[in-house]
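Just model_1.cif here, mmCIF, C-alpha atoms:
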```cif
data_run
#
loop_
_atom_site.group_PDB
_atom_site.id
_atom_site.type_symbol
_atom_site.label_atom_id
_atom_site.label_comp_id
_atom_site.auth_asym_id
_atom_site.auth_seq_id
_atom_site.Cartn_x
_atom_site.Cartn_y
_atom_site.Cartn_z
ATOM 1 C CA MET A 890 0.795 8.318 0.704
ATOM 2 C CA SER A 891 3.879 8.728 2.871
ATOM 3 C CA LEU A 892 3.973 11.442 5.487
ATOM 4 C CA TYR A 893 7.664 11.300 6.302
ATOM 5 C CA GLY A 894 9.594 9.737 3.441
ATOM 6 C CA ASN A 895 12.549 11.856 2.308
ATOM 7 C CA ARG A 896 11.336 14.992 4.047
ATOM 8 C CA GLY A 897 14.466 16.428 5.594
ATOM 9 C CA VAL A 898 16.539 15.104 8.464
ATOM 10 C CA HIS A 899 13.477 14.274 10.533
ATOM 11 C CA GLY A 900 11.913 12.140 7.795
ATOM 12 C CA GLN A 901 15.191 10.393 7.039
ATOM 13 C CA THR A 902 15.646 9.525 10.714
ATOM 14 C CA VAL A 903 12.135 8.111 10.953
ATOM 15 C CA ASP A 904 12.714 6.065 7.784
ATOM 16 C CA ALA A 905 16.071 4.713 8.918
ATOM 17 C CA ILE A 906 14.892 3.527 12.337
ATOM 18 C CA ALA A 907 11.632 2.125 10.964
ATOM 19 C CA ARG A 908 13.420 0.050 8.342
ATOM 20 C CA ARG A 909 15.733 -1.419 10.978
ATOM 21 C CA VAL A 910 12.710 -2.403 13.025
ATOM 22 C CA LEU A 911 10.847 -3.932 10.083
ATOM 23 C CA THR A 912 13.874 -5.897 8.865
ATOM 24 C CA GLY A 913 14.600 -7.228 12.341
ATOM 25 C CA GLU A 914 17.934 -5.425 12.624
ATOM 26 C CA LEU A 915 16.286 -3.905 15.690
ATOM 27 C CA PRO A 916 14.360 -6.977 16.920
ATOM 28 C CA GLU A 917 11.201 -7.078 19.002
ATOM 29 C CA ASP A 918 11.751 -6.037 22.640
ATOM 30 C CA ALA A 919 15.194 -4.598 21.833
ATOM 31 C CA THR A 920 16.059 -1.434 23.742
ATOM 32 C CA LEU A 921 17.227 1.412 21.524
ATOM 33 C CA ASP A 922 20.523 3.103 22.310
ATOM 34 C CA LEU A 923 19.340 6.637 21.668
ATOM 35 C CA THR A 924 22.742 8.218 22.284
ATOM 36 C CA ALA A 925 24.375 5.935 19.716
ATOM 37 C CA LEU A 926 21.588 6.500 17.163
ATOM 38 C CA GLN A 927 21.753 10.247 17.663
ATOM 39 C CA ALA A 928 25.500 10.209 17.041
ATOM 40 C CA GLU A 929 25.184 7.853 14.043
ATOM 41 C CA PHE A 930 22.564 9.987 12.297
ATOM 42 C CA GLY A 931 24.132 13.274 13.369
ATOM 43 C CA VAL A 932 20.833 14.695 14.608
ATOM 44 C CA SER A 933 19.796 16.721 17.623
ATOM 45 C CA LEU A 934 18.078 15.235 20.636
ATOM 46 C CA THR A 935 14.931 17.090 19.586
ATOM 47 C CA VAL A 936 14.925 15.452 16.159
ATOM 48 C CA MET A 937 15.495 12.033 17.722
ATOM 49 C CA ARG A 938 12.650 12.490 20.185
ATOM 50 C CA GLU A 939 10.248 13.735 17.502
ATOM 51 C CA SER A 940 11.181 10.817 15.243
ATOM 52 C CA LEU A 941 10.472 8.338 18.025
ATOM 53 C CA LYS A 942 7.092 9.981 18.639
ATOM 54 C CA VAL A 943 6.194 9.265 15.003
ATOM 55 C CA LEU A 944 7.267 5.634 15.325
ATOM 56 C CA ALA A 945 5.404 5.283 18.617
ATOM 57 C CA ALA A 946 2.226 6.553 16.970
ATOM 58 C CA LYS A 947 2.624 3.801 14.367
ATOM 59 C CA GLY A 948 2.995 1.183 17.107
ATOM 60 C CA LEU A 949 6.617 0.323 16.317
ATOM 61 C CA VAL A 950 8.245 1.556 19.519
ATOM 62 C CA ASP A 951 7.297 2.527 23.054
ATOM 63 C CA ALA A 952 9.049 3.910 26.116
ATOM 64 C CA ARG A 953 8.970 2.919 29.789
ATOM 65 C CA GLN A 954 10.679 4.311 32.844
ATOM 66 C CA LYS A 955 13.851 2.431 33.758
ATOM 67 C CA ARG A 956 13.639 0.506 30.482
ATOM 68 C CA GLY A 957 13.897 3.302 27.952
ATOM 69 C CA THR A 958 12.664 3.181 24.353
ATOM 70 C CA TYR A 959 12.176 -0.306 22.972
ATOM 71 C CA VAL A 960 10.770 -2.081 19.906
ATOM 72 C CA ARG A 961 7.216 -3.321 20.383
ATOM 73 C CA ARG A 962 6.092 -6.783 19.335
ATOM 74 C CA ARG A 963 4.923 -7.114 15.744
ATOM 75 C CA ALA A 964 1.362 -7.808 16.919
ATOM 76 C CA ASP A 965 1.261 -4.197 18.178
ATOM 77 C CA TRP A 966 2.463 -2.596 14.941
ATOM 78 C CA ASN A 967 -0.035 -0.604 12.897
ATOM 79 C CA LEU A 968 0.481 -2.674 9.766
ATOM 80 C CA LEU A 969 -2.142 -0.729 7.786
ATOM 81 C CA ASP A 970 -0.469 2.613 8.385
ATOM 82 C CA PRO A 971 0.560 4.054 4.980
ATOM 83 C CA ASP A 972 4.188 4.524 5.978
ATOM 84 C CA VAL A 973 4.474 1.103 7.617
ATOM 85 C CA LEU A 974 3.104 -0.452 4.432
ATOM 86 C CA ARG A 975 5.571 1.526 2.340
ATOM 87 C CA TRP A 976 8.525 0.552 4.508
ATOM 88 C CA GLN A 977 7.564 -3.104 4.268
ATOM 89 C CA ALA A 978 7.051 -2.871 0.511
ATOM 90 C CA THR A 979 10.599 -1.620 -0.008
ATOM 91 C CA SER A 980 12.205 -4.128 2.374
ATOM 92 C CA GLU A 981 13.230 -7.743 1.878
ATOM 93 C CA SER A 982 9.753 -8.762 3.058
ATOM 94 C CA GLY A 983 8.154 -6.946 0.115
ATOM 95 C CA ALA A 984 7.247 -10.178 -1.696
ATOM 96 C CA SER A 985 5.525 -11.547 1.409
ATOM 97 C CA LEU A 986 3.638 -8.285 1.843
ATOM 98 C CA LEU A 987 2.540 -8.413 -1.778
ATOM 99 C CA ARG A 988 1.053 -11.880 -1.307
ATOM 100 C CA ASN A 989 -0.823 -10.690 1.772
ATOM 101 C CA LEU A 990 -2.117 -7.658 -0.107
ATOM 102 C CA GLU A 991 -3.221 -9.853 -3.006
ATOM 103 C CA GLU A 992 -5.303 -11.949 -0.599
ATOM 104 C CA VAL A 993 -6.851 -8.866 1.016
ATOM 105 C CA ARG A 994 -7.721 -7.389 -2.365
ATOM 106 C CA GLY A 995 -9.251 -10.706 -3.429
ATOM 107 C CA ILE A 996 -11.559 -10.566 -0.427
ATOM 108 C CA ILE A 997 -12.483 -6.878 -0.574
ATOM 109 C CA GLU A 998 -12.604 -5.724 -4.190
ATOM 110 C CA PRO A 999 -14.957 -8.319 -5.716
ATOM 111 C CA ALA A 1000 -17.478 -7.674 -2.949
ATOM 112 C CA ALA A 1001 -16.972 -3.917 -3.209
ATOM 113 C CA VAL A 1002 -17.542 -3.854 -6.954
ATOM 114 C CA ARG A 1003 -20.901 -5.604 -6.449
ATOM 115 C CA LEU A 1004 -21.994 -2.643 -4.322
ATOM 116 C CA ALA A 1005 -20.517 -0.203 -6.817
ATOM 117 C CA ALA A 1006 -22.610 -1.734 -9.613
ATOM 118 C CA LEU A 1007 -25.756 -1.204 -7.548
ATOM 119 C CA ARG A 1008 -24.985 2.203 -6.072
ATOM 120 C CA ARG A 1009 -22.848 4.065 -8.632
ATOM 121 C CA THR A 1010 -23.929 7.527 -9.682
ATOM 122 C CA ASN A 1011 -23.261 9.395 -12.901
ATOM 123 C CA ASP A 1012 -20.457 11.248 -11.117
ATOM 124 C CA ASP A 1013 -18.917 7.932 -10.081
ATOM 125 C CA LEU A 1014 -19.029 6.696 -13.676
ATOM 126 C CA ALA A 1015 -17.438 9.928 -14.886
ATOM 127 C CA ARG A 1016 -14.530 9.493 -12.456
ATOM 128 C CA LEU A 1017 -14.077 5.889 -13.560
ATOM 129 C CA ASP A 1018 -14.089 6.966 -17.207
ATOM 130 C CA GLU A 1019 -11.463 9.615 -16.461
ATOM 131 C CA ALA A 1020 -9.241 7.090 -14.673
ATOM 132 C CA LEU A 1021 -9.538 4.590 -17.507
ATOM 133 C CA ASP A 1022 -8.710 7.290 -20.043
ATOM 134 C CA ALA A 1023 -5.630 8.254 -18.003
ATOM 135 C CA MET A 1024 -4.628 4.592 -17.896
ATOM 136 C CA SER A 1025 -4.834 4.322 -21.677
ATOM 137 C CA ARG A 1026 -2.676 7.440 -22.086
ATOM 138 C CA ALA A 1027 -0.048 6.521 -19.472
ATOM 139 C CA ASP A 1028 3.416 6.404 -21.017
ATOM 140 C CA ASP A 1029 5.504 5.473 -17.978
ATOM 141 C CA SER A 1030 5.276 3.302 -14.875
ATOM 142 C CA ARG A 1031 4.482 6.109 -12.457
ATOM 143 C CA SER A 1032 1.575 7.523 -14.453
ATOM 144 C CA ALA A 1033 0.228 4.014 -15.109
ATOM 145 C CA VAL A 1034 0.185 3.195 -11.398
ATOM 146 C CA ALA A 1035 -1.378 6.573 -10.583
ATOM 147 C CA ALA A 1036 -4.171 5.954 -13.088
ATOM 148 C CA ASP A 1037 -4.661 2.406 -11.816
ATOM 149 C CA LEU A 1038 -4.969 3.672 -8.267
ATOM 150 C CA CYS A 1039 -7.469 6.347 -9.324
ATOM 151 C CA PHE A 1040 -9.601 3.688 -10.985
ATOM 152 C CA HIS A 1041 -9.693 1.383 -7.974
ATOM 153 C CA ARG A 1042 -10.213 4.305 -5.593
ATOM 154 C CA ALA A 1043 -13.149 5.451 -7.719
ATOM 155 C CA LEU A 1044 -14.628 1.957 -7.503
ATOM 156 C CA LEU A 1045 -14.387 2.015 -3.717
ATOM 157 C CA ASN A 1046 -15.943 5.477 -3.639
ATOM 158 C CA ALA A 1047 -18.777 4.204 -5.835
ATOM 159 C CA THR A 1048 -19.816 1.824 -3.033
ATOM 160 C CA HIS A 1049 -20.726 4.879 -0.929
ATOM 161 C CA ASN A 1050 -19.478 2.990 2.101
ATOM 162 C CA GLU A 1051 -17.046 5.130 4.104
ATOM 163 C CA LEU A 1052 -15.144 2.171 5.552
ATOM 164 C CA LEU A 1053 -14.577 0.603 2.148
ATOM 165 C CA GLU A 1054 -13.431 3.954 0.797
ATOM 166 C CA ARG A 1055 -10.665 4.012 3.419
ATOM 167 C CA MET A 1056 -9.268 0.759 2.044
ATOM 168 C CA GLU A 1057 -7.484 2.824 -0.593
ATOM 169 C CA THR A 1058 -4.471 2.741 1.765
ATOM 170 C CA VAL A 1059 -4.142 -0.992 1.181
ATOM 171 C CA LEU A 1060 -4.729 -0.643 -2.561
ATOM 172 C CA GLU A 1061 -2.088 2.029 -2.928
ATOM 173 C CA SER A 1062 0.509 -0.131 -1.194
ATOM 174 C CA ALA A 1063 -0.396 -3.136 -3.332
ATOM 175 C CA LEU A 1064 -0.090 -1.153 -6.553
ATOM 176 C CA ALA A 1065 3.110 0.577 -5.452
ATOM 177 C CA THR A 1066 4.681 -2.773 -4.563
ATOM 178 C CA ARG A 1067 3.600 -4.239 -7.902
ATOM 179 C CA ASP A 1068 5.086 -1.220 -9.667
ATOM 180 C CA GLN A 1069 8.375 -1.781 -7.873
ATOM 181 C CA LEU A 1070 8.351 -5.416 -8.950
ATOM 182 C CA VAL A 1071 7.757 -4.780 -12.647
ATOM 183 C CA HIS A 1072 9.735 -1.530 -12.934
ATOM 184 C CA GLY A 1073 12.601 -1.879 -15.333
ATOM 185 C CA THR A 1074 11.675 -5.349 -16.543
ATOM 186 C CA GLU A 1075 11.694 -5.979 -20.260
ATOM 187 C CA ASP A 1076 8.921 -8.548 -19.917
ATOM 188 C CA ALA A 1077 6.180 -6.104 -18.982
ATOM 189 C CA SER A 1078 2.623 -7.145 -18.269
ATOM 190 C CA ASP A 1079 -0.109 -6.918 -20.884
ATOM 191 C CA ASP A 1080 -2.227 -3.851 -21.505
ATOM 192 C CA PRO A 1081 -4.313 -3.364 -18.321
ATOM 193 C CA VAL A 1082 -7.012 -1.280 -20.010
ATOM 194 C CA PRO A 1083 -9.233 -4.110 -21.394
ATOM 195 C CA SER A 1084 -9.576 -5.888 -18.038
ATOM 196 C CA HIS A 1085 -10.396 -2.623 -16.274
ATOM 197 C CA ARG A 1086 -12.834 -1.626 -19.018
ATOM 198 C CA ALA A 1087 -14.633 -4.967 -18.563
ATOM 199 C CA VAL A 1088 -15.171 -4.129 -14.898
ATOM 200 C CA LEU A 1089 -16.383 -0.634 -15.712
ATOM 201 C CA ASP A 1090 -18.795 -1.873 -18.372
ATOM 202 C CA CYS A 1091 -20.437 -4.196 -15.832
ATOM 203 C CA VAL A 1092 -20.622 -1.439 -13.219
ATOM 204 C CA ARG A 1093 -22.140 0.915 -15.768
ATOM 205 C CA ALA A 1094 -24.735 -1.739 -16.662
ATOM 206 C CA GLY A 1095 -25.590 -2.230 -12.996
ATOM 207 C CA ASP A 1096 -24.820 -5.948 -13.266
ATOM 208 C CA ALA A 1097 -23.438 -6.800 -9.818
ATOM 209 C CA ARG A 1098 -22.744 -10.474 -10.527
ATOM 210 C CA ALA A 1099 -20.900 -9.787 -13.772
ATOM 211 C CA ALA A 1100 -18.955 -6.929 -12.150
ATOM 212 C CA GLU A 1101 -17.742 -9.264 -9.412
ATOM 213 C CA ALA A 1102 -16.677 -11.876 -11.982
ATOM 214 C CA ALA A 1103 -14.851 -9.246 -14.030
ATOM 215 C CA MET A 1104 -13.011 -8.001 -10.952
ATOM 216 C CA ARG A 1105 -11.953 -11.533 -10.013
ATOM 217 C CA ALA A 1106 -10.616 -12.015 -13.537
ATOM 218 C CA LEU A 1107 -8.715 -8.720 -13.287
ATOM 219 C CA LEU A 1108 -7.139 -9.691 -9.965
ATOM 220 C CA ASP A 1109 -6.267 -13.188 -11.210
ATOM 221 C CA LYS A 1110 -4.501 -11.652 -14.195
ATOM 222 C CA ALA A 1111 -2.604 -9.236 -11.931
ATOM 223 C CA ILE A 1112 -1.419 -12.113 -9.730
ATOM 224 C CA SER A 1113 -0.343 -14.080 -12.802
ATOM 225 C CA ASP A 1114 1.642 -11.116 -14.103
ATOM 226 C CA GLU A 1115 3.308 -10.564 -10.729
ATOM 227 C CA GLU A 1116 4.288 -14.211 -10.340
ATOM 228 C CA ARG A 1117 5.727 -14.226 -13.846
ATOM 229 C CA LEU A 1118 7.875 -11.185 -13.145
ATOM 230 C CA ARG A 1119 8.758 -11.859 -9.516
ATOM 231 C CA PRO A 1120 12.492 -12.589 -9.063
ATOM 232 C CA GLY A 1121 13.218 -16.242 -8.471
ATOM 233 C CA THR A 1122 10.171 -17.531 -10.321
ATOM 234 C CA GLU A 1123 10.100 -19.235 -13.670
ATOM 235 C CA GLY A 1124 10.071 -16.733 -16.515
ATOM 236 C CA ALA A 1125 11.258 -13.872 -14.312
#
```
Written form, structure tokens:
Amino acid sequence: MSLYGNRGVHGQTVDAIARRVLTGELPEDATLDLTALQAEFGVSLTVMRESLKVLAAKGLVDARQKRGTYVRRRADWNLLDPDVLRWQATSESGASLLRNLEEVRGIIEPAAVRLAALRRTNDDLARLDEALDAMSRADDSRSAVAADLCFHRALLNATHNELLERMETVLESALATRDQLVHGTEDASDDPVPSHRAVLDCVRAGDARAAEAAMRALLDKAISDEERLRPGTEGA
């Protein structure tokens, strides 16, 4: 998912500046002191310039003559960029991002699964079966999230709509954020396999209405689990 996370000095510099922007430590319209940042991170001017190019491509910063490099307004940020989503998910605004992602999933996935039920091929069903099998065999958080992502990605692919297929970026961030929330908690969520199998059974049967209902039930259960485990909520 991430292109730059923890990949050498360059990746660490990109991460560090991005997180300061997203947390507001470097507020909108603030001009960056490149000399001070270069000295703080102990990087070359080349590394600093290349890092800022990455952040500019993601809409976080820009540069103007006489003004220098500055933080762009949030409305200009590429909030669906995989790295921007990841940085937000691991910041203090992670809970707010999760709620936004839950709403987006609630809009997209029930409608997408209706198409999947009508358009799925045998190959699509095989990929869904494989993902569900991996989910049932997962013995740690990372493998469980990976299997979950594969399942939902396979559902999007089964719509045979290229734009819906690209929504996997949003799904991956939602699942990664949820994983971060529940990781290490003793009060883990229930077995996810039955709710996912219910969706798959409806897709396999070609029942679009039932598939949509099953997906809504799955998402409602996920939200309930997240609220139960979210810090600061009752039962957390």
Can you list what the PyMOL selection byres ((chain A and resi 1043-1049) around 12) grabs from this structure, as a ChimeraX atom specification? /A:994,997-1021,1036-1042,1050-1060,1085,1088-1089,1091-1093,1095,1097,1100-1101,1104
What does the distance from atom CA of Glu917 of chain A to atom CA of Lys955 of chain A come to in Å, to one decimal? 17.8 Å
Taking all atoms listed in the file into account, name the residue in A:Asp1079, A:Asp904, A:Asp1022, A:Asp1090 that is nearest to Leu941 of chain A.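 Checking each candidate against Leu941 of chain A, we get A:Asp904 as the closest.
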Tell me, in Å to one decimal, how far atom CA of Leu944 of chain A is from atom CA of Ala919 of chain A. 14.5 Å
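The residue that comes closest to Arg953 of chain A, out of A:Ala1106, A:Leu921, A:Ala1027, A:Ile906 and on the basis of all atoms listed in the file, is A:Leu921.
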Rounded to one decimal in Å, what is the spacing between atom CA of Ala984 of chain A and atom CA of Val950 of chain A? 24.3 Å
If you count only C-alpha atoms, which residues fall within 10 Å of Leu926 of chain A, apart from same-chain ones fewer than 6 positions away, as a ChimeraX atom specification? /A:902,906,932,937
When you count only C-alpha atoms, which of these residues is closest to Ser1025 of chain A: A:Glu939, A:Asp1080, A:Asp970, A:Glu992? A:Asp1080
Could you pull the residues within 10 Å of Ala907 of chain A, counting all atoms listed in the file, minus those fewer than 4 positions along the same chain, as a PyMOL selection string? chain A and resi 901-903+911-915+940-941+943-944+947+949-950+960+972-973+976-977
Using only C-alpha atoms, can you tell me which of A:Arg1098, A:Arg908, A:Arg1117, A:His899 comes closest to Arg975 of chain A?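 Ranking A:Arg1098, A:Arg908, A:Arg1117, A:His899 by distance to Arg975 of chain A, first place goes to A:Arg908.
With all atoms listed in the file as the atoms that count, the residue of A:Ala952, A:Phe930, A:Asp922, A:Ala1111 with the shortest distance to Gly900 of chain A is A:Phe930.
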Determine the axis-aligned bounding box of all atoms of segment 917-932 of chain A present in the file, pad each side by 3 Å, and express its centre and edge lengths in Å to one decimal place as lines of an AutoDock Vina configuration file.
```
center_x = 18.4
center_y = 3.8
center_z = 18.0
size_x = 20.3
size_y = 27.8
size_z = 17.4
```
Find, counting all atoms listed in the file, the residue in A:Ser933, A:Ala964, A:Gly948, A:Ser1084 that gets nearest to Val898 of chain A.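 So, comparing all the options, the nearest one is A:Ser933.
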